[in-house]
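Asker: Attaching a single structure in structure tokens format; questions to follow.
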Amino acid sequence: MGYCHGVENYSRHLDGRLPGEPPATLFSYFPPDHLVIIDESHQSVPQLRGMYRGDRSRKETLVAYGFRLPSALDNRPLKFEEFEGQLRDVLYVSATPSPYELERSEGVVAEQILRPTGLVDPPVEVRPVAGQVDDLLAEVRKCAAKGERVLVTTLTKRFSEDLTEYYEDLGVRVRYLHSDIDALERVRIIRDLRSGAFDVLIGINLLREGLDLPEVALVAVFDADKEGFLRSETSLIQTSGRAARHVNGRVIMYAARMTESMGRAIGEMERRRGIQMAYNAANGITPRSIQRRMDGLLESAWEPGEAEAGAVAEEEAAYGEMAAEDAPALGELRAQMKEAAQRLEFERAAVLRDRILAIERRQLGVKV
């Protein structure tokens, strides 16, 4: 018995669908009374909207140039209208819901504003653009003296790189987090920030990195008045929330003017902050910073240079020969990776996968 690579492209013929009919999905196996929970819905819903068109665009090119047969177009994600048609009961979860979720919820909205720690949304201060780099430098030095960390978000790679270089020259312990950094290196950087190896992390789109850093007491936003995706109301609230895990958390936005997005974002955070402070006062709650240990993922991340050292140590090994310590390490890492995936700890699983690949490359004589 043989098999055919890519036969799934023509699944329409295998399950008897007509041209244009949607394929079977996970929804096909759910009971009628299922509940769908869409986390971070302000991002997830737009991604769902774009899945069909992105897939269609790619496959139309393949079909046009003869790399696929036309029926491959029907092996596809659901159109957004088809996805909506599969929904019965939906729970949208987001700190910044979009108009779509609010309209679909028809006024049935529950806010989780109060935190068990009593922490409140950070206060936001808008400062002028003139002298912003040196102004932030002074704030960074104050935070560093108190053992606090700082996140800085910019709009361009060039500005991030220049700012990092400038601060380094002035003796600031600073790192730059950019899109080319792989999962393992990102974990190292986050670990080092939390442990105090450096004080300032600079990046373009820190809100998408999934950063949850209790040590961060200051978030600085450059070019806050440049309207766009990274400076929209939603993005400003999400970015500012990085300082909400620290009792001294605060936000500085550098801007030449107050945009509508800034006004709405600051107004919403002030509304939440007012509710939180009133509740704390009424119940005698003293806010306290989140105390979160550095989990095993961060503790076990390789030290810089370890991979290179391993490659050099095994340069003289025969091609394909497995180092004695690799065999048990691979088995243990694969088990940990599967366990992490089952617990939905996907970032930890990704880091373990990277370590497995690094060991396998060494076995093949490929430098890592």
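Going by the structure tokens order, chains are called A, B, ..., each with residues numbered from 1, while ligands are numbered from 1 in the order shown.
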Run DSSP on the backbone and tell me which residues of range 223-268 of chain A come out as strand (DSSP E); list them as a list in words.

Answerer: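 Answer for range 223-268 of chain A, restricted to strand (DSSP E): Arg250, Val251, Ile252, Met253 and Tyr254 of chain A.
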
Asker: Just want the 8 Å neighbourhood of Val174 in chain A, counted on only C-alpha atoms, with same-chain residues fewer than 3 positions away dropped. Output as a list in words.

Answerer: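 In the requested format, the answer is Thr164, Tyr167, Glu168, Phe198, Asp199, Val200, Leu201 and Ile202 of chain A.
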
Asker: If we count only C-alpha atoms, what is near Arg76 in chain A at a cut-off of 8 Å, once residues fewer than 6 positions away on the same chain are taken out, given as an NGL selection string?

Answerer: :A and (22-23 or 52 or 55-56)

Asker: Would you export the selected residues with N, CA, C and O atoms as a tab-separated table (two decimals), in the first residue's frame, please?

Answerer:
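Listing of part.tsv after writing:
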```
chain	number	residue	atom	x	y	z
A	22	PRO	N	-18.14	24.13	2.09
A	22	PRO	CA	-17.10	24.20	3.13
A	22	PRO	C	-16.65	22.81	3.56
A	22	PRO	O	-17.43	21.86	3.52
A	23	PRO	N	-15.40	22.69	3.95
A	23	PRO	CA	-14.89	21.39	4.42
A	23	PRO	C	-15.34	21.10	5.84
A	23	PRO	O	-15.84	21.98	6.54
A	52	TYR	N	-9.54	32.86	5.32
A	52	TYR	CA	-10.01	32.36	4.03
A	52	TYR	C	-9.35	33.12	2.87
A	52	TYR	O	-8.85	32.50	1.92
A	55	ASP	N	-5.63	32.23	2.43
A	55	ASP	CA	-5.47	30.91	1.85
A	55	ASP	C	-5.86	30.92	0.37
A	55	ASP	O	-5.18	30.33	-0.48
A	56	ARG	N	-6.96	31.60	0.06
A	56	ARG	CA	-7.45	31.66	-1.32
A	56	ARG	C	-6.44	32.35	-2.25
A	56	ARG	O	-6.17	31.87	-3.35
```

Asker: Record the distance separating CA of Leu91 in chain A and CA of Gln112 in chain A, expressed in Å with one decimal.

Answerer: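 Interatomic distance, CA of Leu91 in chain A to CA of Gln112 in chain A: 13.7 Å.
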
Asker: When you look at range 277-290 of chain A with a cut-off of 8 Å (counting only C-alpha atoms), what residues show up, excluding the ones that are within fewer than 6 positions of it in the same chain? I need them as an MDAnalysis selection string.

Answerer: chainID A and resid 114 117:120 214 245:247

Asker: Given the selection you just returned, output its residues as a file containing C-alpha atoms, formatted as a CSV table (one decimal), in the first residue's frame.

Answerer:
```csv
chain,number,residue,atom,x,y,z
A,114,LEU,CA,-11.0,44.3,40.1
A,117,THR,CA,-3.9,41.9,44.5
A,118,GLY,CA,-5.7,45.3,44.7
A,119,LEU,CA,-3.5,46.6,41.8
A,120,VAL,CA,-5.0,49.4,39.8
A,214,PRO,CA,5.8,41.8,37.4
A,245,ARG,CA,1.5,44.2,37.5
A,246,HIS,CA,3.6,46.5,39.7
A,247,VAL,CA,2.3,48.5,42.6
```

Asker: For range 220-233 of chain A, work out the shell of residues within 7 Å, counting only C-alpha atoms and skipping chain neighbours fewer than 6 positions away, then give it as a ChimeraX atom specification.

Answerer: /A:151-154,251-259,261-262,264-265

Asker: Save out the residues we just selected, N, CA, C and O atoms, as a CSV table (one decimal), in the first residue's frame.

Answerer:
```csv
chain,number,residue,atom,x,y,z
A,151,LEU,N,10.0,49.1,30.2
A,151,LEU,CA,9.7,48.7,28.8
A,151,LEU,C,9.6,50.0,28.0
A,151,LEU,O,8.9,50.9,28.4
A,152,VAL,N,10.2,50.0,26.8
A,152,VAL,CA,10.1,51.2,25.9
A,152,VAL,C,9.7,50.7,24.6
A,152,VAL,O,10.3,49.8,24.0
A,153,THR,N,8.6,51.3,24.0
A,153,THR,CA,8.1,50.9,22.7
A,153,THR,C,8.3,52.1,21.7
A,153,THR,O,7.9,53.2,22.1
A,154,THR,N,8.8,51.8,20.6
A,154,THR,CA,9.0,52.7,19.5
A,154,THR,C,8.2,52.3,18.3
A,154,THR,O,7.6,51.3,18.2
A,251,VAL,N,2.8,55.0,33.3
A,251,VAL,CA,3.0,55.0,31.9
A,251,VAL,C,3.3,56.5,31.5
A,251,VAL,O,2.7,57.4,32.0
A,252,ILE,N,4.3,56.6,30.6
A,252,ILE,CA,4.7,57.9,30.0
A,252,ILE,C,4.5,57.8,28.5
A,252,ILE,O,5.1,57.0,27.9
A,253,MET,N,3.6,58.7,28.0
A,253,MET,CA,3.4,58.8,26.5
A,253,MET,C,4.1,60.1,26.1
A,253,MET,O,3.7,61.2,26.6
A,254,TYR,N,5.0,60.0,25.1
A,254,TYR,CA,5.6,61.2,24.5
A,254,TYR,C,4.9,61.5,23.3
A,254,TYR,O,4.8,60.7,22.3
A,255,ALA,N,4.3,62.7,23.2
A,255,ALA,CA,3.5,63.1,22.1
A,255,ALA,C,3.5,64.7,21.9
A,255,ALA,O,3.6,65.4,22.9
A,256,ALA,N,3.3,65.1,20.7
A,256,ALA,CA,3.2,66.5,20.4
A,256,ALA,C,1.8,67.0,20.5
A,256,ALA,O,1.6,68.2,20.6
A,257,ARG,N,0.9,66.1,20.5
A,257,ARG,CA,-0.6,66.5,20.5
A,257,ARG,C,-1.3,65.3,21.1
A,257,ARG,O,-0.8,64.2,21.1
A,258,MET,N,-2.5,65.6,21.5
A,258,MET,CA,-3.4,64.5,22.1
A,258,MET,C,-4.3,64.0,20.9
A,258,MET,O,-5.2,64.8,20.4
A,259,THR,N,-4.1,62.8,20.5
A,259,THR,CA,-5.0,62.2,19.5
A,259,THR,C,-6.2,61.7,20.1
A,259,THR,O,-6.4,61.5,21.3
A,261,SER,N,-7.3,58.6,19.7
A,261,SER,CA,-7.0,57.3,20.3
A,261,SER,C,-6.3,57.5,21.7
A,261,SER,O,-6.7,56.7,22.6
A,262,MET,N,-5.4,58.4,21.8
A,262,MET,CA,-4.8,58.6,23.1
A,262,MET,C,-5.9,59.1,24.1
A,262,MET,O,-5.9,58.5,25.3
A,264,ARG,N,-9.2,58.5,24.2
A,264,ARG,CA,-10.0,57.4,24.5
A,264,ARG,C,-9.3,56.4,25.4
A,264,ARG,O,-9.9,55.9,26.4
A,265,ALA,N,-8.1,56.1,25.1
A,265,ALA,CA,-7.3,55.1,25.9
A,265,ALA,C,-7.1,55.6,27.3
A,265,ALA,O,-7.3,54.8,28.3
```

Asker: Near range 96-100 of chain A, counting only C-alpha atoms, which residues have an atom at most 12 Å away, once you skip same-chain residues fewer than 4 positions from it, shown as a PyMOL selection string?

Answerer: chain A and resi 38-46+49+91-92+104-107+109-113+232-241+264-265+268-269

Asker: I want to know what sits within 12 Å of Ala340 in chain A, based on only C-alpha atoms, with residues of the same chain fewer than 3 positions away left out; could you give that as a list in words?

Answerer: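 So the residues in contact are Gly296, Leu297, Leu333, Arg334, Ala335, Gln336, Met337, Arg343, Leu344, Glu345, Phe346, Glu347, Arg348, Ala349, Ala350, Val351, Leu352 and Arg353 of chain A.
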
Asker: Please identify the alpha helix (DSSP H) residues within range 185-265 of chain A (assignment by DSSP from backbone atoms) and present them as an MDAnalysis selection string.

Answerer: chainID A and resid 185:195 233:240 260:265
